[in-house]
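Participant: entry.cif is reproduced below (mmCIF, C-alpha atoms).
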```cif
data_upload
loop_
_atom_site.label_atom_id
_atom_site.label_comp_id
_atom_site.auth_asym_id
_atom_site.auth_seq_id
_atom_site.Cartn_x
_atom_site.Cartn_y
_atom_site.Cartn_z
CA MET A 1 4.13 21.75 -14.51
CA GLN A 2 7.01 19.79 -13.03
CA VAL A 3 7.77 20.44 -9.39
CA GLY A 4 11.15 19.05 -8.42
CA PRO A 5 13.05 19.12 -5.14
CA SER A 6 14.49 22.53 -6.05
CA ALA A 7 11.05 24.11 -5.68
CA PHE A 8 10.72 22.68 -2.17
CA MET A 9 14.24 23.78 -1.28
CA ALA A 10 13.53 27.30 -2.57
CA LEU A 11 10.34 27.48 -0.52
CA ALA A 12 12.21 26.25 2.57
CA ALA A 13 14.90 28.89 1.97
CA VAL A 14 12.26 31.64 1.78
CA LEU A 15 10.55 30.43 4.98
CA PHE A 16 13.88 30.11 6.81
CA SER A 17 14.99 33.61 5.75
CA LEU A 18 11.67 35.09 6.90
CA GLY A 19 12.04 33.29 10.23
CA LEU A 20 15.63 34.51 10.57
CA TYR A 21 14.52 38.09 9.97
CA GLY A 22 11.71 37.74 12.50
CA ALA A 23 14.01 36.27 15.15
CA VAL A 24 16.36 39.26 14.79
CA ALA A 25 13.86 42.06 14.22
CA ARG A 26 11.01 41.40 16.65
CA LYS A 27 11.33 42.74 20.18
CA SER A 28 8.78 40.50 21.91
CA ALA A 29 10.10 37.22 23.30
CA VAL A 30 7.00 35.32 22.14
CA MET A 31 7.40 36.65 18.60
CA VAL A 32 11.04 35.51 18.55
CA LEU A 33 9.92 32.01 19.60
CA MET A 34 7.34 31.99 16.79
CA SER A 35 10.07 32.89 14.28
CA LEU A 36 12.24 30.05 15.62
CA GLU A 37 9.35 27.65 14.97
CA LEU A 38 9.12 28.90 11.40
CA MET A 39 12.82 28.18 10.88
CA ALA A 40 12.48 24.67 12.32
CA VAL A 41 9.56 23.96 10.01
CA ALA A 42 11.54 25.14 6.97
CA VAL A 43 14.30 22.65 7.82
CA SER A 44 11.74 19.85 8.26
CA LEU A 45 10.24 20.62 4.86
CA ASN A 46 13.69 20.34 3.26
CA MET A 47 14.36 16.97 4.87
CA VAL A 48 10.99 15.47 3.94
CA ALA A 49 11.20 16.70 0.33
CA LEU A 50 14.73 15.47 -0.28
CA SER A 51 13.98 12.15 1.41
CA ARG A 52 10.95 11.68 -0.85
CA PHE A 53 12.78 12.54 -4.05
CA VAL A 54 16.21 10.98 -3.48
CA THR A 55 15.82 7.96 -1.18
CA PRO A 56 12.09 7.24 -0.86
CA THR A 57 12.44 3.76 0.64
CA GLU A 58 14.93 4.69 3.38
CA MET A 59 12.72 7.48 4.82
CA THR A 60 15.67 8.89 6.77
CA GLY A 61 14.38 12.41 6.24
CA GLN A 62 10.99 11.55 7.71
CA VAL A 63 12.55 9.90 10.77
CA PHE A 64 14.82 12.91 11.28
CA THR A 65 11.83 15.21 10.93
CA ILE A 66 10.13 13.35 13.78
CA PHE A 67 13.20 13.94 15.96
CA THR A 68 13.33 17.60 14.89
CA MET A 69 9.68 17.93 15.89
CA VAL A 70 10.43 16.42 19.32
CA VAL A 71 13.31 18.83 19.88
CA SER A 72 11.36 21.85 18.69
CA ALA A 73 8.36 20.93 20.85
CA ALA A 74 10.69 20.63 23.85
CA GLU A 75 12.31 23.93 22.91
CA ILE A 76 9.01 25.77 22.62
CA GLY A 77 7.80 24.38 25.94
CA LEU A 78 10.97 25.43 27.74
CA GLY A 79 11.08 28.78 25.92
CA LEU A 80 7.53 29.69 26.87
CA ALA A 81 8.09 28.57 30.48
CA LEU A 82 11.16 30.82 30.56
CA VAL A 83 9.13 33.72 29.15
CA LEU A 84 6.55 33.20 31.90
CA ALA A 85 9.28 33.08 34.58
CA ILE A 86 10.85 36.29 33.25
CA TYR A 87 7.44 37.93 33.13
CA ARG A 88 6.84 37.04 36.79
CA GLN A 89 10.08 38.75 37.80
CA THR A 90 10.14 41.85 35.59
CA ARG A 91 6.48 42.24 34.50
CA SER A 92 7.64 42.52 30.89
CA ILE A 93 8.61 40.25 28.00
CA GLU A 94 10.35 42.96 25.97
CA LEU A 95 13.79 41.79 24.88
CA THR A 96 15.11 45.37 25.09
CA ARG A 97 14.38 45.42 28.81
CA MET A 98 16.26 42.21 29.57
CA ASP A 99 19.56 44.05 30.11
CA THR A 100 20.52 43.02 33.65
CA LEU A 101 23.90 41.74 32.48
CA LYS A 102 24.63 44.86 30.39
CA GLY A 103 27.90 46.45 31.50
CA MET B 1 5.75 5.89 -15.19
CA THR B 2 6.86 8.41 -12.63
CA GLU B 3 4.73 10.49 -10.39
CA THR B 4 5.03 14.22 -10.05
CA VAL B 5 3.95 16.70 -7.47
CA ASN B 6 0.86 18.56 -8.60
CA GLY B 7 2.13 22.00 -9.60
CA ILE B 8 -1.09 23.86 -8.88
CA ALA B 9 -1.47 22.31 -5.43
CA PHE B 10 2.17 23.08 -4.67
CA ALA B 11 1.77 26.71 -5.79
CA ILE B 12 -1.32 27.22 -3.63
CA LEU B 13 0.23 25.64 -0.52
CA ALA B 14 3.58 27.38 -0.98
CA GLY B 15 1.82 30.71 -1.45
CA ALA B 16 -0.23 30.08 1.69
CA ALA B 17 2.89 29.19 3.70
CA ILE B 18 4.76 32.32 2.57
CA LEU B 19 1.67 34.48 3.07
CA GLY B 20 1.40 33.19 6.65
CA ALA B 21 5.07 33.90 7.34
CA VAL B 22 4.90 37.42 5.86
CA GLY B 23 1.65 38.10 7.71
CA MET B 24 3.25 36.98 10.96
CA LEU B 25 6.18 39.35 10.44
CA THR B 26 4.21 42.38 9.30
CA THR B 27 1.23 42.34 11.63
CA ARG B 28 1.43 44.61 14.65
CA ASN B 29 -0.88 42.52 16.80
CA VAL B 30 0.80 39.62 18.60
CA ILE B 31 -2.38 37.54 18.66
CA HIS B 32 -2.84 37.99 14.90
CA ALA B 33 0.77 36.88 14.46
CA ALA B 34 0.03 33.63 16.31
CA PHE B 35 -2.90 32.95 13.95
CA TRP B 36 -0.79 33.76 10.88
CA LEU B 37 1.79 31.25 12.12
CA LEU B 38 -1.02 28.70 12.51
CA GLU B 39 -2.07 29.26 8.89
CA SER B 40 1.50 28.83 7.70
CA MET B 41 1.89 25.60 9.68
CA ILE B 42 -1.30 24.11 8.23
CA ALA B 43 -0.04 24.93 4.72
CA VAL B 44 3.24 23.13 5.46
CA GLY B 45 1.21 20.15 6.68
CA GLY B 46 -0.49 20.15 3.27
CA LEU B 47 2.93 20.15 1.60
CA PHE B 48 3.85 17.06 3.65
CA LEU B 49 0.71 15.40 2.27
CA LEU B 50 1.84 16.29 -1.26
CA LEU B 51 5.11 14.50 -0.51
CA GLN B 52 3.15 11.42 0.62
CA ALA B 53 4.33 11.74 4.21
CA GLU B 54 0.84 11.20 5.64
CA TYR B 55 1.90 10.39 9.18
CA LEU B 56 4.14 13.45 9.35
CA ALA B 57 1.39 15.67 7.96
CA VAL B 58 -1.05 14.59 10.67
CA VAL B 59 1.53 14.83 13.47
CA HIS B 60 2.69 18.21 12.18
CA VAL B 61 -0.80 19.67 12.27
CA LEU B 62 -1.40 18.06 15.68
CA VAL B 63 1.81 19.37 17.25
CA TYR B 64 2.25 22.77 15.61
CA ALA B 65 -1.31 23.81 14.86
CA GLY B 66 -2.75 22.08 17.91
CA ALA B 67 -0.24 22.25 20.74
CA VAL B 68 2.28 24.97 19.91
CA SER B 69 -0.23 27.58 18.74
CA VAL B 70 -2.44 27.07 21.78
CA LEU B 71 0.62 27.32 24.03
CA MET B 72 1.65 30.56 22.29
CA LEU B 73 -1.84 32.03 22.70
CA PHE B 74 -1.88 31.04 26.39
CA VAL B 75 1.47 32.73 27.05
CA ILE B 76 0.35 35.84 25.15
CA MET B 77 -2.84 35.96 27.25
CA LEU B 78 -0.91 35.45 30.50
CA THR B 79 1.69 38.12 29.73
CA LEU B 80 -0.64 40.87 28.52
CA ARG B 81 -2.05 43.09 31.20
CA ARG B 82 -4.29 45.18 28.97
CA ARG B 83 -5.93 44.49 25.65
CA GLU B 84 -4.02 47.37 24.02
CA ASP B 85 -0.67 45.77 24.89
CA SER B 86 -1.15 43.22 22.12
CA VAL B 87 -0.70 45.93 19.48
CA ARG B 88 3.00 46.64 19.17
CA PRO B 89 4.90 49.41 17.39
CA VAL B 90 6.25 48.55 13.94
CA GLU B 91 9.62 46.86 14.38
CA VAL B 92 12.03 47.11 11.46
CA SER B 93 15.60 45.89 11.64
CA VAL B 94 17.92 46.79 8.77
CA ALA B 95 20.64 44.50 10.08
CA GLY B 96 18.17 41.62 10.31
CA ALA B 97 16.93 42.26 6.76
CA VAL B 98 20.50 42.33 5.41
CA MET B 99 21.33 39.12 7.27
CA ALA B 100 18.21 37.32 6.03
CA LEU B 101 18.74 38.55 2.45
CA VAL B 102 22.40 37.49 2.39
CA PHE B 103 21.54 34.09 3.85
CA GLY B 104 18.61 33.59 1.48
CA GLY B 105 20.71 34.68 -1.51
CA LEU B 106 23.48 32.24 -0.63
CA VAL B 107 21.02 29.37 -0.25
CA PHE B 108 19.34 30.28 -3.55
CA ALA B 109 22.74 30.30 -5.28
CA ALA B 110 23.44 26.85 -3.84
CA ILE B 111 20.05 25.55 -5.04
CA ALA B 112 20.62 27.03 -8.51
CA SER B 113 24.00 25.29 -8.78
CA TYR B 114 22.41 22.04 -7.57
CA GLY B 115 19.88 22.12 -10.39
CA ASP B 116 17.03 19.68 -10.80
CA ARG B 117 19.07 16.51 -10.89
CA VAL B 118 16.19 14.40 -9.60
CA ALA B 119 13.19 16.20 -11.03
CA GLU B 120 11.10 13.09 -11.19
CA MET B 121 9.54 11.60 -8.14
CA PRO B 122 10.22 7.89 -7.55
CA GLU B 123 7.00 5.97 -7.80
CA THR B 124 7.43 3.76 -4.77
CA ALA B 125 6.57 5.52 -1.57
CA PRO B 126 6.48 3.43 1.62
CA ASP B 127 3.43 3.95 3.79
CA THR B 128 3.05 4.73 7.47
CA ALA B 129 3.41 1.09 8.49
CA ALA B 130 6.88 0.99 6.93
CA LEU B 131 7.80 4.20 8.77
CA GLY B 132 6.68 2.66 12.06
CA GLU B 133 8.70 -0.52 11.45
CA LEU B 134 11.78 1.56 10.62
CA LEU B 135 11.27 3.75 13.69
CA PHE B 136 11.10 0.77 16.04
CA SER B 137 13.89 -1.28 14.49
CA ARG B 138 16.70 0.80 13.07
CA TRP B 139 15.92 4.02 14.95
CA ALA B 140 14.72 2.45 18.21
CA LEU B 141 17.47 3.88 20.44
CA PRO B 142 17.21 7.48 19.12
CA PHE B 143 13.43 7.15 19.49
CA GLU B 144 13.73 6.25 23.18
CA VAL B 145 16.24 9.06 23.74
CA ALA B 146 13.81 11.48 22.09
CA SER B 147 11.06 10.43 24.51
CA LEU B 148 13.45 11.05 27.41
CA VAL B 149 14.27 14.51 26.01
CA LEU B 150 10.55 15.34 25.88
CA LEU B 151 9.96 14.09 29.43
CA VAL B 152 12.86 16.10 30.89
CA ALA B 153 11.85 19.22 28.93
CA LEU B 154 8.24 19.02 30.11
CA VAL B 155 9.24 18.51 33.76
CA ALA B 156 11.62 21.46 33.47
CA ALA B 157 8.92 23.61 31.86
CA VAL B 158 6.51 22.86 34.74
CA TRP B 159 9.29 23.56 37.26
CA TRP B 160 10.18 26.92 35.69
CA SER B 161 6.67 28.21 35.23
CA ARG B 162 5.35 27.35 38.69
CA GLU B 163 4.24 30.11 41.01
CA GLU B 164 6.86 31.12 43.57
CA LYS B 165 5.78 30.45 47.16
CA ARG B 166 6.88 33.23 49.47
#
```
Starting from the file, give its structure as structure tokens.
Facilitator:
Amino acid sequence: MQVGPSAFMALAAVLFSLGLYGAVARKSAVMVLMSLELMAVAVSLNMVALSRFVTPTEMTGQVFTIFTMVVSAAEIGLGLALVLAIYRQTRSIELTRMDTLKG
Amino acid sequence: MTETVNGIAFAILAGAAILGAVGMLTTRNVIHAAFWLLESMIAVGGLFLLLQAEYLAVVHVLVYAGAVSVLMLFVIMLTLRRREDSVRPVEVSVAGAVMALVFGGLVFAAIASYGDRVAEMPETAPDTAALGELLFSRWALPFEVASLVLLVALVAAVWWSREEKR
């Protein structure tokens, strides 16, 4: 069985779509952050696979994946700190209850 | 002679990754969702190994399975007042499903039109030492900027999550 880059891209598309659905559908702030992580991982998988198949010696995809990991680790740290700060103020992390700015 | 990705290993790891994602989205318990995400991340780490990105595979498992999942579980524990709060009502979003399906369909159409132009894997794969040399020569400046981003983000996270003194 031959597994080409298309298989990896298809898998990344499935993971990204699932993450997109989770980010929209879930009502808990922590669950939305988990879905965002899933989307970031799908993009990383795409970059590593295409880098391996198309330009294996350049490794640009792997280097970019390292930077993506840095950004997504920073994002998850800030996001969870924000969730904690919101929880301290409102005693809830439900997205439906964060409606202070609602007109 | 060209190398190929092992089809059986790919199928198992891809199935595990998708199973983890679906489990995360369908479970009603937030803590179970964090563990499903962990399973999915470990499967993706295995896929990195299949692509001969050994360093990335190790770092991926270290960061996502090690750090991010533990952080998620800590925040879930800190924000739940009672044990029953971890079980949530079933959340279904039709708009979200339509959006994800349209996006996924468009990407699949793009992949189908791309075709398998490079089905065969090039034999030469540089190792971790080559990646390190590249990272500290050609990508040295972005690397330093990335470390600054991490430092600022961590300081900000500590600042935000500190207890208010009244």
Participant: Evaluated on this file, the PyMOL selection byres ((chain B and resi 26) around 12) picks out some residues - which ones are they, written as a VMD selection string?
Facilitator: (chain A and resid 18 21 to 22 25 to 26 31) or (chain B and resid 19 to 25 27 to 30 32 to 34 36 to 37 87 to 92)
Participant: I'd like the neighbourhood of Thr128 of chain B as a list in words, where a residue qualifies if any of its atoms comes within 10 Å (using only C-alpha atoms), though same-chain residues fewer than 5 positions away should be ignored.
Facilitator: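 Answer for this query is Gln52, Ala53, Glu54, Tyr55, Leu56, Glu133 and Leu134 of chain B.
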Participant: Report the closest atom pair, with its distance in Å rounded to one decimal, for each residue of chain B that has an atom no farther than 6 Å from chain A; count only C-alpha atoms, sort by chain and then rising residue number, and write it as JSON lines.
Facilitator:
```
{"residue": "B:Val5", "atom": "CA", "partner": "A:Val3", "partner_atom": "CA", "distance": 5.7}
{"residue": "B:Gly7", "atom": "CA", "partner": "A:Met1", "partner_atom": "CA", "distance": 5.3}
{"residue": "B:Ser93", "atom": "CA", "partner": "A:Ala25", "partner_atom": "CA", "distance": 4.9}
{"residue": "B:Gly96", "atom": "CA", "partner": "A:Tyr21", "partner_atom": "CA", "distance": 5.1}
{"residue": "B:Ala97", "atom": "CA", "partner": "A:Tyr21", "partner_atom": "CA", "distance": 5.8}
{"residue": "B:Ala100", "atom": "CA", "partner": "A:Ser17", "partner_atom": "CA", "distance": 4.9}
{"residue": "B:Gly104", "atom": "CA", "partner": "A:Ser17", "partner_atom": "CA", "distance": 5.6}
{"residue": "B:Ala119", "atom": "CA", "partner": "A:Gly4", "partner_atom": "CA", "distance": 4.4}
{"residue": "B:Met121", "atom": "CA", "partner": "A:Phe53", "partner_atom": "CA", "distance": 5.3}
{"residue": "B:Ala125", "atom": "CA", "partner": "A:Pro56", "partner_atom": "CA", "distance": 5.8}
{"residue": "B:Leu150", "atom": "CA", "partner": "A:Ala74", "partner_atom": "CA", "distance": 5.7}
{"residue": "B:Ala153", "atom": "CA", "partner": "A:Ala74", "partner_atom": "CA", "distance": 5.4}
{"residue": "B:Ala157", "atom": "CA", "partner": "A:Leu78", "partner_atom": "CA", "distance": 4.9}
{"residue": "B:Trp160", "atom": "CA", "partner": "A:Ala81", "partner_atom": "CA", "distance": 5.9}
{"residue": "B:Ser161", "atom": "CA", "partner": "A:Ala81", "partner_atom": "CA", "distance": 5.0}
```
Participant: To one decimal in Å, tell me the separation between atom CA of Glu164 of chain B and atom CA of Leu78 of chain B.
Facilitator: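 One can read the atom CA of Glu164 of chain B to atom CA of Leu78 of chain B distance as 15.8 Å.
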Participant: Pick the closest to Gly61 of chain A from B:Ile42, B:Ala129, B:Leu135, B:Met72: which is it, counting all atoms listed in the file?
Facilitator: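 That would be B:Leu135, the residue with the smallest distance to Gly61 of chain A.
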Participant: Can you report as AutoDock Vina command-line options the centre and edge lengths in Å, to one decimal, of an axis-aligned box around the listed atoms of segment 38-49 of chain B padded with 4 Å on each side?
Facilitator:
```
--center_x 0.9 --center_y 22.3 --center_z 7.1 --size_x 13.9 --size_y 21.9 --size_z 18.9
```
Participant: Between atom CA of Val61 of chain B and atom CA of Met41 of chain B, measure the distance and give it in Å to one decimal.
Facilitator: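 Calculated distance between atom CA of Val61 of chain B and atom CA of Met41 of chain B is 7.0 Å.
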Participant: Quick one: distance from atom CA of Val59 of chain B to atom CA of Asn6 of chain B in Å, one decimal?
Facilitator: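 Going from atom CA of Val59 of chain B over to atom CA of Asn6 of chain B, I get 22.4 Å.
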Participant: Applying 9 Å and only C-alpha atoms, which residues near Val58 of chain B remain after dropping the ones on its own chain fewer than 5 positions away? List them as a PyMOL selection string.
Facilitator: chain B and resi 45+48-49+53+63
Participant: What would segment 98-111 of chain B look like with N, CA, C and O atoms in place, written as a compact mmCIF listing (two decimals), in the coordinates of the input?
Facilitator:
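Writing the result to rebuild21.txt gives the following:
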```txt
# COMPACT_ATOMS: atom_id res chain seq x y z
N VAL B 98 19.28 42.61 6.18
CA VAL B 98 20.50 42.33 5.41
C VAL B 98 20.94 40.89 5.65
O VAL B 98 21.27 40.15 4.72
N MET B 99 20.91 40.48 6.93
CA MET B 99 21.33 39.12 7.27
C MET B 99 20.46 38.08 6.57
O MET B 99 20.97 37.14 5.94
N ALA B 100 19.12 38.28 6.65
CA ALA B 100 18.21 37.32 6.03
C ALA B 100 18.39 37.31 4.52
O ALA B 100 18.37 36.24 3.90
N LEU B 101 18.59 38.51 3.90
CA LEU B 101 18.74 38.55 2.45
C LEU B 101 20.03 37.87 2.01
O LEU B 101 20.04 37.12 1.03
N VAL B 102 21.13 38.12 2.76
CA VAL B 102 22.40 37.49 2.39
C VAL B 102 22.29 35.98 2.53
O VAL B 102 22.69 35.22 1.63
N PHE B 103 21.69 35.53 3.64
CA PHE B 103 21.54 34.09 3.85
C PHE B 103 20.67 33.47 2.75
O PHE B 103 21.04 32.47 2.13
N GLY B 104 19.50 34.12 2.51
CA GLY B 104 18.61 33.59 1.48
C GLY B 104 19.26 33.57 0.11
O GLY B 104 19.12 32.60 -0.64
N GLY B 105 20.03 34.63 -0.22
CA GLY B 105 20.71 34.68 -1.51
C GLY B 105 21.72 33.56 -1.66
O GLY B 105 21.81 32.91 -2.71
N LEU B 106 22.47 33.31 -0.57
CA LEU B 106 23.48 32.24 -0.63
C LEU B 106 22.80 30.89 -0.83
O LEU B 106 23.26 30.08 -1.66
N VAL B 107 21.70 30.65 -0.11
CA VAL B 107 21.02 29.37 -0.25
C VAL B 107 20.45 29.23 -1.65
O VAL B 107 20.53 28.16 -2.27
N PHE B 108 19.89 30.34 -2.19
CA PHE B 108 19.34 30.28 -3.55
C PHE B 108 20.43 29.98 -4.57
O PHE B 108 20.22 29.21 -5.51
N ALA B 109 21.63 30.59 -4.37
CA ALA B 109 22.74 30.30 -5.28
C ALA B 109 23.11 28.82 -5.22
O ALA B 109 23.36 28.18 -6.25
N ALA B 110 23.11 28.27 -4.00
CA ALA B 110 23.44 26.85 -3.84
C ALA B 110 22.41 25.98 -4.54
O ALA B 110 22.76 25.02 -5.24
N ILE B 111 21.11 26.35 -4.40
CA ILE B 111 20.05 25.55 -5.04
C ILE B 111 20.18 25.64 -6.56
O ILE B 111 20.03 24.64 -7.28
```
